[in-house]
$ cat run33.cif   # mmCIF, C-alpha atoms and all ligand atoms
data_protein
loop_
_atom_site.group_PDB
_atom_site.id
_atom_site.type_symbol
_atom_site.label_atom_id
_atom_site.label_comp_id
_atom_site.auth_asym_id
_atom_site.auth_seq_id
_atom_site.Cartn_x
_atom_site.Cartn_y
_atom_site.Cartn_z
ATOM 1 C CA MET A 781 0.000 0.000 0.000
ATOM 2 C CA GLY A 782 1.204 3.529 -0.824
ATOM 3 C CA LYS A 783 0.670 6.430 1.578
ATOM 4 C CA GLY A 784 0.912 10.194 1.176
ATOM 5 C CA SER A 785 -0.037 13.546 2.740
ATOM 6 C CA GLY A 786 -0.589 17.131 1.644
ATOM 7 C CA TYR A 787 -0.881 20.274 3.812
ATOM 8 C CA GLY A 788 -3.857 22.600 3.998
ATOM 9 C CA LYS A 789 -3.221 26.325 3.626
ATOM 10 C CA VAL A 790 -4.428 29.849 4.227
ATOM 11 C CA ILE A 791 -3.708 32.649 1.793
ATOM 12 C CA LEU A 792 -2.736 35.798 3.681
ATOM 13 C CA PHE A 793 -2.447 38.043 0.641
ATOM 14 C CA GLY A 794 -3.497 37.722 -2.968
ATOM 15 C CA GLU A 795 -6.092 34.999 -3.597
ATOM 16 C CA HIS A 796 -7.705 35.402 -7.029
ATOM 17 C CA PHE A 797 -5.135 38.043 -7.988
ATOM 18 C CA VAL A 798 -2.432 35.302 -8.056
ATOM 19 C CA VAL A 799 -4.313 33.560 -10.866
ATOM 20 C CA HIS A 800 -3.489 36.614 -13.016
ATOM 21 C CA GLY A 801 0.219 36.794 -12.126
ATOM 22 C CA VAL A 802 0.078 39.047 -9.050
ATOM 23 C CA PRO A 803 2.311 37.700 -6.243
ATOM 24 C CA GLY A 804 0.719 36.281 -3.098
ATOM 25 C CA VAL A 805 1.623 35.115 0.411
ATOM 26 C CA VAL A 806 0.467 31.682 1.564
ATOM 27 C CA SER A 807 0.985 29.669 4.709
ATOM 28 C CA ALA A 808 0.546 25.924 5.062
ATOM 29 C CA ILE A 809 -1.327 24.955 8.221
ATOM 30 C CA ASP A 810 -0.701 22.099 10.616
ATOM 31 C CA SER A 811 -3.607 20.040 9.294
ATOM 32 C CA SER A 812 -3.192 17.710 6.370
ATOM 33 C CA THR A 813 -5.050 15.345 4.096
ATOM 34 C CA ASP A 814 -3.792 11.769 4.065
ATOM 35 C CA ALA A 815 -4.283 9.189 1.336
ATOM 36 C CA GLU A 816 -3.701 5.481 0.950
ATOM 37 C CA VAL A 817 -3.654 3.774 -2.438
ATOM 38 C CA LYS A 818 -3.617 0.108 -3.359
ATOM 39 C CA LYS A 819 -3.731 -1.599 -6.758
ATOM 40 C CA SER A 820 -7.092 -3.309 -7.029
ATOM 41 C CA THR A 821 -9.461 -5.145 -9.362
ATOM 42 C CA ASN A 822 -11.830 -2.171 -9.559
ATOM 43 C CA THR A 823 -11.555 1.531 -8.834
ATOM 44 C CA ASN A 824 -12.994 2.691 -5.540
ATOM 45 C CA ILE A 825 -12.693 6.036 -3.737
ATOM 46 C CA ARG A 826 -13.466 6.131 -0.006
ATOM 47 C CA ASP A 827 -13.453 9.752 1.153
ATOM 48 C CA GLU A 828 -13.652 9.819 4.951
ATOM 49 C CA ARG A 829 -12.732 13.460 5.537
ATOM 50 C CA LYS A 830 -14.819 15.611 7.827
ATOM 51 C CA THR A 831 -16.450 18.125 5.479
ATOM 52 C CA SER A 832 -18.841 21.036 5.405
ATOM 53 C CA LYS A 833 -22.386 20.185 4.287
ATOM 54 C CA GLY A 834 -22.589 19.214 0.623
ATOM 55 C CA TYR A 835 -18.814 19.307 0.062
ATOM 56 C CA GLY A 836 -18.531 15.634 -0.947
ATOM 57 C CA GLU A 837 -21.416 15.764 -3.440
ATOM 58 C CA GLU A 838 -20.359 19.147 -4.876
ATOM 59 C CA LYS A 839 -16.774 17.968 -5.469
ATOM 60 C CA ARG A 840 -17.442 14.336 -6.427
ATOM 61 C CA LEU A 841 -17.206 14.682 -10.219
ATOM 62 C CA GLN A 842 -14.294 17.099 -9.932
ATOM 63 C CA GLN A 843 -12.521 14.584 -7.679
ATOM 64 C CA ILE A 844 -12.895 11.799 -10.267
ATOM 65 C CA GLU A 845 -11.686 14.102 -13.052
ATOM 66 C CA SER A 846 -8.802 15.240 -10.868
ATOM 67 C CA ILE A 847 -7.578 11.683 -10.243
ATOM 68 C CA GLU A 848 -7.875 10.857 -13.963
ATOM 69 C CA ARG A 849 -5.850 13.955 -14.837
ATOM 70 C CA MET A 850 -3.150 12.986 -12.339
ATOM 71 C CA LEU A 851 -2.926 9.426 -13.717
ATOM 72 C CA VAL A 852 -2.425 10.872 -17.206
ATOM 73 C CA ALA A 853 0.218 13.293 -15.886
ATOM 74 C CA MET A 854 2.018 10.347 -14.257
ATOM 75 C CA HIS A 855 1.883 8.420 -17.572
ATOM 76 C CA ILE A 856 -0.074 5.605 -15.937
ATOM 77 C CA GLU A 857 -2.203 3.138 -17.882
ATOM 78 C CA PRO A 858 -5.661 4.841 -17.612
ATOM 79 C CA LYS A 859 -7.430 1.506 -17.051
ATOM 80 C CA LEU A 860 -5.390 0.715 -13.953
ATOM 81 C CA SER A 861 -7.766 0.188 -11.016
ATOM 82 C CA LEU A 862 -6.930 1.693 -7.671
ATOM 83 C CA ASP A 863 -8.482 1.519 -4.252
ATOM 84 C CA ILE A 864 -8.123 5.043 -2.832
ATOM 85 C CA TRP A 865 -8.788 6.102 0.769
ATOM 86 C CA ILE A 866 -8.780 9.781 1.752
ATOM 87 C CA GLY A 867 -8.800 11.058 5.336
ATOM 88 C CA GLY A 868 -6.628 13.129 7.680
ATOM 89 C CA SER A 869 -6.986 16.098 10.005
ATOM 90 C CA LEU A 870 -7.724 18.765 7.358
ATOM 91 C CA PRO A 871 -11.475 19.255 7.061
ATOM 92 C CA GLY A 872 -13.050 19.487 3.619
ATOM 93 C CA PHE A 873 -13.938 23.168 3.999
ATOM 94 C CA SER A 874 -13.727 25.433 0.930
ATOM 95 C CA GLY A 875 -10.863 27.924 1.101
ATOM 96 C CA LEU A 876 -8.310 25.774 2.913
ATOM 97 C CA GLY A 877 -6.789 24.212 -0.185
ATOM 98 C CA ALA A 878 -8.457 20.891 0.639
ATOM 99 C CA SER A 879 -8.631 19.855 -3.014
ATOM 100 C CA ALA A 880 -4.918 20.563 -3.549
ATOM 101 C CA ALA A 881 -4.006 18.825 -0.277
ATOM 102 C CA SER A 882 -5.922 15.731 -1.413
ATOM 103 C CA SER A 883 -4.319 15.862 -4.871
ATOM 104 C CA VAL A 884 -0.841 15.981 -3.328
ATOM 105 C CA ALA A 885 -1.718 13.196 -0.863
ATOM 106 C CA ILE A 886 -3.109 10.955 -3.626
ATOM 107 C CA ALA A 887 -0.198 11.698 -5.987
ATOM 108 C CA ARG A 888 2.280 10.807 -3.235
ATOM 109 C CA ALA A 889 0.398 7.605 -2.363
ATOM 110 C CA ILE A 890 0.237 6.500 -6.029
ATOM 111 C CA ASN A 891 3.928 7.351 -6.370
ATOM 112 C CA GLU A 892 4.712 5.057 -3.440
ATOM 113 C CA GLU A 893 2.368 2.221 -4.461
ATOM 114 C CA LEU A 894 3.638 2.116 -8.052
ATOM 115 C CA GLU A 895 7.261 2.923 -7.105
ATOM 116 C CA LEU A 896 7.439 5.816 -9.561
ATOM 117 C CA LYS A 897 10.204 7.635 -7.644
ATOM 118 C CA LEU A 898 8.793 11.092 -8.387
ATOM 119 C CA SER A 899 10.533 14.104 -6.829
ATOM 120 C CA ASN A 900 8.641 16.747 -4.799
ATOM 121 C CA GLU A 901 8.798 18.989 -7.838
ATOM 122 C CA GLU A 902 7.165 16.290 -9.970
ATOM 123 C CA ILE A 903 4.500 15.594 -7.309
ATOM 124 C CA ASN A 904 3.711 19.327 -7.278
ATOM 125 C CA ALA A 905 3.382 19.365 -11.083
ATOM 126 C CA VAL A 906 1.097 16.302 -11.027
ATOM 127 C CA ALA A 907 -1.082 17.860 -8.284
ATOM 128 C CA TYR A 908 -1.317 21.060 -10.359
ATOM 129 C CA GLU A 909 -2.840 18.965 -13.169
ATOM 130 C CA GLY A 910 -5.285 17.527 -10.619
ATOM 131 C CA GLU A 911 -6.163 21.020 -9.378
ATOM 132 C CA LYS A 912 -7.350 22.009 -12.860
ATOM 133 C CA ALA A 913 -10.416 19.815 -12.310
ATOM 134 C CA TYR A 914 -11.379 21.861 -9.232
ATOM 135 C CA ALA A 915 -10.251 25.367 -10.147
ATOM 136 C CA GLY A 916 -10.268 25.499 -13.970
ATOM 137 C CA ASN A 917 -7.269 27.787 -14.305
ATOM 138 C CA PRO A 918 -5.501 27.485 -10.950
ATOM 139 C CA SER A 919 -2.556 29.678 -10.008
ATOM 140 C CA GLY A 920 -0.627 26.758 -8.486
ATOM 141 C CA ILE A 921 -0.383 28.437 -5.061
ATOM 142 C CA ASP A 922 -2.480 25.736 -3.307
ATOM 143 C CA ASN A 923 -0.639 22.680 -4.619
ATOM 144 C CA THR A 924 2.711 24.380 -3.954
ATOM 145 C CA ALA A 925 1.768 25.019 -0.295
ATOM 146 C CA ALA A 926 0.300 21.494 -0.033
ATOM 147 C CA THR A 927 3.527 19.939 -1.359
ATOM 148 C CA TYR A 928 6.205 21.926 0.461
ATOM 149 C CA GLY A 929 4.509 23.390 3.558
ATOM 150 C CA GLY A 930 5.728 26.532 5.349
ATOM 151 C CA LEU A 931 5.140 30.227 4.785
ATOM 152 C CA MET A 932 5.892 31.334 1.251
ATOM 153 C CA TRP A 933 5.853 33.976 -1.431
ATOM 154 C CA PHE A 934 4.318 32.764 -4.686
ATOM 155 C CA LYS A 935 4.116 34.227 -8.165
ATOM 156 C CA LYS A 936 2.648 32.291 -11.061
ATOM 157 C CA ASN A 937 4.764 31.947 -14.166
ATOM 158 C CA PRO A 938 2.625 30.739 -17.074
ATOM 159 C CA THR A 939 5.593 29.854 -19.284
ATOM 160 C CA SER A 940 8.003 28.114 -16.902
ATOM 161 C CA GLN A 941 8.680 27.447 -13.200
ATOM 162 C CA ASP A 942 6.557 29.487 -10.756
ATOM 163 C CA PHE A 943 8.507 31.881 -8.543
ATOM 164 C CA VAL A 944 8.466 30.551 -4.970
ATOM 165 C CA GLU A 945 10.411 31.812 -1.950
ATOM 166 C CA LYS A 946 10.322 30.807 1.694
ATOM 167 C CA ILE A 947 9.356 33.645 4.064
ATOM 168 C CA CYS A 948 10.923 33.606 7.534
ATOM 169 C CA ILE A 949 9.203 35.184 10.513
ATOM 170 C CA LYS A 950 10.729 35.796 13.939
ATOM 171 C CA GLN A 951 8.214 33.725 15.879
ATOM 172 C CA PRO A 952 5.041 31.777 15.144
ATOM 173 C CA VAL A 953 1.849 33.856 15.298
ATOM 174 C CA GLU A 954 -1.612 32.646 16.310
ATOM 175 C CA ILE A 955 -4.412 32.719 13.759
ATOM 176 C CA VAL A 956 -8.045 31.654 13.793
ATOM 177 C CA ILE A 957 -9.780 30.192 10.764
ATOM 178 C CA GLY A 958 -13.561 30.468 10.710
ATOM 179 C CA SER A 959 -15.697 28.411 8.340
ATOM 180 C CA THR A 960 -19.026 29.670 6.989
ATOM 181 C CA GLY A 961 -19.991 26.006 6.530
ATOM 182 C CA LYS A 962 -20.865 26.814 2.905
ATOM 183 C CA THR A 963 -19.212 24.828 0.128
ATOM 184 C CA ALA A 964 -18.023 27.037 -2.720
ATOM 185 C CA ASN A 965 -17.208 26.222 -6.324
ATOM 186 C CA THR A 966 -13.672 27.571 -6.810
ATOM 187 C CA LYS A 967 -13.848 27.142 -10.575
ATOM 188 C CA LEU A 968 -16.935 29.371 -10.854
ATOM 189 C CA MET A 969 -15.435 31.942 -8.474
ATOM 190 C CA VAL A 970 -12.190 32.119 -10.510
ATOM 191 C CA GLU A 971 -14.089 32.329 -13.801
ATOM 192 C CA GLY A 972 -16.350 35.067 -12.402
ATOM 193 C CA VAL A 973 -13.394 37.278 -11.480
ATOM 194 C CA ALA A 974 -11.761 36.751 -14.899
ATOM 195 C CA LYS A 975 -15.013 37.667 -16.645
ATOM 196 C CA ARG A 976 -15.650 40.805 -14.589
ATOM 197 C CA LYS A 977 -12.007 41.900 -14.933
ATOM 198 C CA LYS A 978 -12.250 41.627 -18.706
ATOM 199 C CA ALA A 979 -15.564 43.473 -18.840
ATOM 200 C CA ASP A 980 -14.535 46.344 -16.554
ATOM 201 C CA PRO A 981 -10.779 47.019 -16.713
ATOM 202 C CA LYS A 982 -11.296 50.582 -15.472
ATOM 203 C CA LYS A 983 -12.496 49.246 -12.126
ATOM 204 C CA TYR A 984 -10.394 46.099 -11.955
ATOM 205 C CA ASP A 985 -6.917 47.217 -13.124
ATOM 206 C CA PRO A 986 -6.340 49.580 -10.151
ATOM 207 C CA LEU A 987 -7.567 46.863 -7.754
ATOM 208 C CA PHE A 988 -5.041 44.431 -9.215
ATOM 209 C CA GLU A 989 -2.299 47.047 -8.772
ATOM 210 C CA GLN A 990 -3.411 47.540 -5.179
ATOM 211 C CA ALA A 991 -3.263 43.764 -4.604
ATOM 212 C CA GLU A 992 0.337 43.694 -5.809
ATOM 213 C CA THR A 993 1.328 46.581 -3.532
ATOM 214 C CA LEU A 994 -0.399 44.808 -0.619
ATOM 215 C CA ALA A 995 1.438 41.527 -1.237
ATOM 216 C CA PHE A 996 4.851 43.249 -1.179
ATOM 217 C CA ALA A 997 3.951 45.322 1.905
ATOM 218 C CA GLY A 998 2.492 42.232 3.641
ATOM 219 C CA ARG A 999 5.596 40.202 3.034
ATOM 220 C CA SER A 1000 7.895 42.858 4.396
ATOM 221 C CA ALA A 1001 5.686 43.467 7.473
ATOM 222 C CA LEU A 1002 5.742 39.702 8.175
ATOM 223 C CA GLU A 1003 9.521 39.596 7.863
ATOM 224 C CA MET A 1004 9.877 42.622 10.155
ATOM 225 C CA GLY A 1005 7.530 41.031 12.702
ATOM 226 C CA ASP A 1006 5.208 44.068 12.491
ATOM 227 C CA MET A 1007 1.939 42.212 13.106
ATOM 228 C CA GLU A 1008 -0.155 45.386 13.533
ATOM 229 C CA LYS A 1009 0.838 46.295 9.993
ATOM 230 C CA VAL A 1010 0.178 42.759 8.708
ATOM 231 C CA GLY A 1011 -3.300 42.928 10.238
ATOM 232 C CA ALA A 1012 -4.086 46.332 8.715
ATOM 233 C CA LEU A 1013 -2.952 45.073 5.307
ATOM 234 C CA MET A 1014 -5.112 41.951 5.653
ATOM 235 C CA ASN A 1015 -8.100 44.211 6.342
ATOM 236 C CA GLU A 1016 -7.287 46.185 3.210
ATOM 237 C CA ASN A 1017 -6.985 42.927 1.261
ATOM 238 C CA HIS A 1018 -10.450 41.891 2.439
ATOM 239 C CA SER A 1019 -11.868 45.186 1.131
ATOM 240 C CA ILE A 1020 -10.501 44.620 -2.369
ATOM 241 C CA LEU A 1021 -11.799 41.040 -2.323
ATOM 242 C CA GLN A 1022 -15.230 42.490 -1.528
ATOM 243 C CA GLU A 1023 -14.785 44.885 -4.469
ATOM 244 C CA ILE A 1024 -14.056 42.061 -6.915
ATOM 245 C CA GLY A 1025 -17.224 40.299 -5.744
ATOM 246 C CA VAL A 1026 -15.891 37.205 -3.972
ATOM 247 C CA SER A 1027 -16.932 37.850 -0.368
ATOM 248 C CA SER A 1028 -20.307 36.877 1.089
ATOM 249 C CA GLU A 1029 -22.574 38.020 3.906
ATOM 250 C CA GLU A 1030 -21.340 35.266 6.209
ATOM 251 C CA LEU A 1031 -17.668 35.856 5.413
ATOM 252 C CA ASP A 1032 -18.157 39.570 6.151
ATOM 253 C CA PHE A 1033 -19.955 38.681 9.385
ATOM 254 C CA LEU A 1034 -17.083 36.451 10.551
ATOM 255 C CA VAL A 1035 -14.507 39.076 9.537
ATOM 256 C CA GLU A 1036 -16.415 41.782 11.475
ATOM 257 C CA THR A 1037 -16.910 39.500 14.468
ATOM 258 C CA ALA A 1038 -13.184 38.675 14.617
ATOM 259 C CA ARG A 1039 -12.255 42.365 14.450
ATOM 260 C CA SER A 1040 -14.786 43.312 17.114
ATOM 261 C CA TYR A 1041 -13.275 40.713 19.477
ATOM 262 C CA GLY A 1042 -9.811 42.191 18.998
ATOM 263 C CA ALA A 1043 -8.304 40.422 15.958
ATOM 264 C CA ILE A 1044 -5.765 42.837 14.476
ATOM 265 C CA GLY A 1045 -6.695 41.809 10.941
ATOM 266 C CA ALA A 1046 -9.202 39.546 9.236
ATOM 267 C CA LYS A 1047 -10.042 38.607 5.676
ATOM 268 C CA LEU A 1048 -11.628 35.873 3.649
ATOM 269 C CA THR A 1049 -9.158 33.227 2.535
ATOM 270 C CA GLY A 1050 -9.190 31.165 -0.669
ATOM 271 C CA GLY A 1051 -11.832 31.330 -3.333
ATOM 272 C CA GLY A 1052 -14.572 33.027 -1.247
ATOM 273 C CA GLY A 1053 -18.300 32.855 -2.012
ATOM 274 C CA GLY A 1054 -18.578 30.788 1.188
ATOM 275 C CA GLY A 1055 -15.689 28.767 2.552
ATOM 276 C CA CYS A 1056 -13.370 30.262 5.160
ATOM 277 C CA MET A 1057 -11.847 33.432 6.574
ATOM 278 C CA VAL A 1058 -8.683 33.982 8.601
ATOM 279 C CA ALA A 1059 -8.091 36.283 11.565
ATOM 280 C CA LEU A 1060 -4.704 37.381 12.884
ATOM 281 C CA THR A 1061 -4.802 36.947 16.680
ATOM 282 C CA PRO A 1062 -1.312 37.174 18.221
ATOM 283 C CA GLY A 1063 -1.183 35.555 21.663
ATOM 284 C CA LYS A 1064 -3.111 32.599 23.030
ATOM 285 C CA GLU A 1065 -5.534 34.800 24.986
ATOM 286 C CA LEU A 1066 -6.713 36.763 21.945
ATOM 287 C CA GLN A 1067 -6.870 33.583 19.877
ATOM 288 C CA ASP A 1068 -9.091 31.893 22.495
ATOM 289 C CA LYS A 1069 -11.367 34.937 22.617
ATOM 290 C CA VAL A 1070 -12.004 34.864 18.870
ATOM 291 C CA VAL A 1071 -12.397 31.067 18.868
ATOM 292 C CA THR A 1072 -15.066 31.359 21.583
ATOM 293 C CA ALA A 1073 -16.859 34.157 19.716
ATOM 294 C CA PHE A 1074 -17.052 32.066 16.538
ATOM 295 C CA LYS A 1075 -18.152 28.923 18.355
ATOM 296 C CA THR A 1076 -20.805 30.850 20.279
ATOM 297 C CA ALA A 1077 -22.140 32.165 16.965
ATOM 298 C CA GLY A 1078 -22.347 28.549 15.757
ATOM 299 C CA TYR A 1079 -19.390 28.378 13.362
ATOM 300 C CA GLU A 1080 -16.654 25.755 12.982
ATOM 301 C CA VAL A 1081 -13.172 26.934 13.879
ATOM 302 C CA LEU A 1082 -9.534 25.944 13.432
ATOM 303 C CA ALA A 1083 -6.973 27.570 15.733
ATOM 304 C CA THR A 1084 -3.399 27.360 14.476
ATOM 305 C CA LYS A 1085 -0.207 29.358 13.940
ATOM 306 C CA LEU A 1086 1.627 30.977 11.072
ATOM 307 C CA GLY A 1087 5.252 30.054 10.718
ATOM 308 C CA ALA A 1088 4.977 26.970 12.952
ATOM 309 C CA LYS A 1089 7.380 24.160 12.116
HETATM 310 O O1 LIG B 1101 -10.701 28.085 -2.238
HETATM 311 P P1 LIG B 1101 -9.409 27.394 -2.449
HETATM 312 O O2 LIG B 1101 -8.830 26.827 -1.201
HETATM 313 O O3 LIG B 1101 -9.470 26.376 -3.563
HETATM 314 O O4 LIG B 1101 -8.358 28.514 -2.923
HETATM 315 C C1 LIG B 1101 -8.470 29.128 -4.209
HETATM 316 C C2 LIG B 1101 -7.430 30.204 -4.392
HETATM 317 C C3 LIG B 1101 -7.598 31.033 -5.688
HETATM 318 O O5 LIG B 1101 -6.613 32.064 -5.648
HETATM 319 C C4 LIG B 1101 -8.967 31.693 -5.732
HETATM 320 C C5 LIG B 1101 -7.427 30.184 -6.932
HETATM 321 C C6 LIG B 1101 -5.994 29.816 -7.267
HETATM 322 O O6 LIG B 1101 -5.810 28.863 -8.018
HETATM 323 O O7 LIG B 1101 -5.054 30.505 -6.824
#

$ encode --input "run33.cif" --output "structure tokens"
Amino acid sequence: MGKGSGYGKVILFGEHFVVHGVPGVVSAIDSSTDAEVKKSTNTNIRDERKTSKGYGEEKRLQQIESIERMLVAMHIEPKLSLDIWIGGSLPGFSGLGASAASSVAIARAINEELELKLSNEEINAVAYEGEKAYAGNPSGIDNTAATYGGLMWFKKNPTSQDFVEKICIKQPVEIVIGSTGKTANTKLMVEGVAKRKKADPKKYDPLFEQAETLAFAGRSALEMGDMEKVGALMNENHSILQEIGVSSEELDFLVETARSYGAIGAKLTGGGGGGCMVALTPGKELQDKVVTAFKTAGYEVLATKLGAK
């Protein structure tokens, strides 16, 4: 039997904009998707992840297409039957890179079961092919975070290797992830932004420039350990995500709630339209306060840290 894992992630700066070549900042989180794969007489997928309501059904066809795409990318006989199990600590919530984490986990497990000896770079490329089934035209930021982990700077390069750099911060910082419980279709969200951008460049071009400025400023504030600044920039990033039409009433509610309980920054994370948001809450006490506020309001929460090993 082959086994593999892939990390979940939060995007701190630049979701959606990264698809169009703007740089972004992403952090893997300490929850992962695990997969086990065994050659079999017929193909079977057992997905035992904890998910938000409707996630499994909404993603089912995309999951099948994703696995087929990865088999093709690995040059594997398409008729080969595999028994695939998916589980792990990362919940199937939209926005946390769950599809990319599962693609990386499955690619690694197939690699081990069939003794393909693929490098991390090759696993990442295979998972990117798998991501196309979920996101249409993905930037590659999710599969890169899922493969390598850590806090990183990412810029898509459509013609060759993406530009990826590790970002170092002085000490790990507490964050809270809140889930709206709503499953979102990343592909439709990405397509919607591309369509609106094309139709209204006068509105969208300056927002894309602002996103680029924010990513650079966010990276340098993280490296300087200036968390107040990071938080203010995350707030600004949430505003431009609202402007490009990817936030939702519940995401805005969670963002506002986090801020009102003392979070120094909060924004939606990932594709939006449901899914998750992230709040910057340095210190255990502040983190606990925001966690309690979310739970009291009836939302699912993940409490973790940026820059943790
Ligand atoms: O919602 P998620 O976890 O699939 O994240 C999508 C991130 C986007 O920037 C919207 C798409 C991408 O490929 O970068």

$ residues_near_ligand --input "run33.cif" --ligand "ligand LIG 1101 (chain B)" --cutoff "6 Å" --atoms "only C-alpha atoms and all ligand atoms" --output "list in words"
Glu795, His796, Val798, Val799, Ser874, Gly875, Leu876, Gly877, Pro918, Ser919, Gly920, Ile921, Thr966, Val970, Gly1050 and Gly1051 of chain A

$ closest_residue --input "run33.cif" --among "A:Ser846, A:Glu1036, A:Met854, A:Lys975" --to "A:Ala913" --atoms "only C-alpha atoms"
A:Ser846

$ resolve_selection --input "run33.cif" --expression "the PyMOL selection byres (((chain A and resi 882-884) around 8) and not hetatm)" --output "list in words"
Gly784, Ser785, Gly786, Thr813, Asp814, Ala815, Ser846, Ile847, Ile866, Ala878, Ser879, Ala880, Ala881, Ala885, Ile886, Ala887, Arg888, Ile903, Asn904, Val906, Ala907, Gly910, Glu911, Asn923, Ala926 and Thr927 of chain A

$ resolve_selection --input "run33.cif" --expression "the PyMOL selection byres (((chain A and resi 894) around 12) and not hetatm)" --output "MDAnalysis selection string"
chainID A and resid 781:783 817:819 851 854:857 860:862 886:893 895:898

$ resolve_selection --input "run33.cif" --expression "the PyMOL selection byres (((chain A and resi 1005-1019) around 6) and not hetatm)" --output "ChimeraX atom specification"
/A:998,1001-1004,1020-1022,1044-1047

$ closest_residue --input "run33.cif" --among "A:Gly929, A:Gly1052, A:Pro986, A:Gly1063" --to "A:Leu968" --atoms "only C-alpha atoms"
A:Gly1052

$ atom_distance --input "run33.cif" --atom1 "atom CA of A:Lys983" --atom2 "atom CA of A:Phe797"
14.0 Å

$ closest_residue --input "run33.cif" --among "A:Asn824, A:Thr924, A:Ser807, A:Asn917" --to "A:Phe943" --atoms "only C-alpha atoms"
A:Thr924

$ atom_distance --input "run33.cif" --atom1 "atom CA of A:Arg840" --atom2 "atom CA of A:Asp863"
15.8 Å

$ closest_residue --input "run33.cif" --among "A:Glu1030, A:Glu838, A:Glu1080, A:Asp985" --to "A:Ile957" --atoms "only C-alpha atoms"
A:Glu1080

$ closest_residue --input "run33.cif" --among "A:Ala1059, A:Ala991, A:Met969, A:Leu1034" --to "A:Ala915" --atoms "all atoms listed in the file"
A:Met969

$ atom_distance --input "run33.cif" --atom1 "atom CA of A:Met1057" --atom2 "atom CA of A:Ala1043"
12.2 Å

$ residues_near_point --input "run33.cif" --point "(-14.5, 5.8, -3.5)" --cutoff "8 Å" --atoms "only C-alpha atoms" --output "NGL selection string"
:A and (823-827 or 863-865)

$ write_last_selection --input "run33.cif" --atoms "C-alpha atoms" --output "CSV table (one decimal), in the frame of the given file"
chain,number,residue,atom,x,y,z
A,823,THR,CA,-11.6,1.5,-8.8
A,824,ASN,CA,-13.0,2.7,-5.5
A,825,ILE,CA,-12.7,6.0,-3.7
A,826,ARG,CA,-13.5,6.1,0.0
A,827,ASP,CA,-13.5,9.8,1.2
A,863,ASP,CA,-8.5,1.5,-4.3
A,864,ILE,CA,-8.1,5.0,-2.8
A,865,TRP,CA,-8.8,6.1,0.8

$ residues_near_point --input "run33.cif" --point "(-19.1, 32.7, 9.1)" --cutoff "7 Å" --atoms "all atoms listed in the file" --output "tab-separated table (two decimals) with C-alpha atoms, in the frame of the given file"
chain	number	residue	atom	x	y	z
A	958	GLY	CA	-13.56	30.47	10.71
A	959	SER	CA	-15.70	28.41	8.34
A	960	THR	CA	-19.03	29.67	6.99
A	1030	GLU	CA	-21.34	35.27	6.21
A	1031	LEU	CA	-17.67	35.86	5.41
A	1033	PHE	CA	-19.95	38.68	9.38
A	1034	LEU	CA	-17.08	36.45	10.55
A	1079	TYR	CA	-19.39	28.38	13.36

$ closest_residue --input "run33.cif" --among "A:Thr939, A:Ser820, A:Thr1076, A:Ser832" --to "A:Gly801" --atoms "only C-alpha atoms"
A:Thr939

$ axis_aligned_box --input "run33.cif" --around "stretch 948-958 of chain A" --padding-each-side "4 Å" --output "JSON"
{"center_x": -1.3, "center_y": 33.0, "center_z": 11.9, "size_x": 32.5, "size_y": 13.6, "size_z": 16.8}
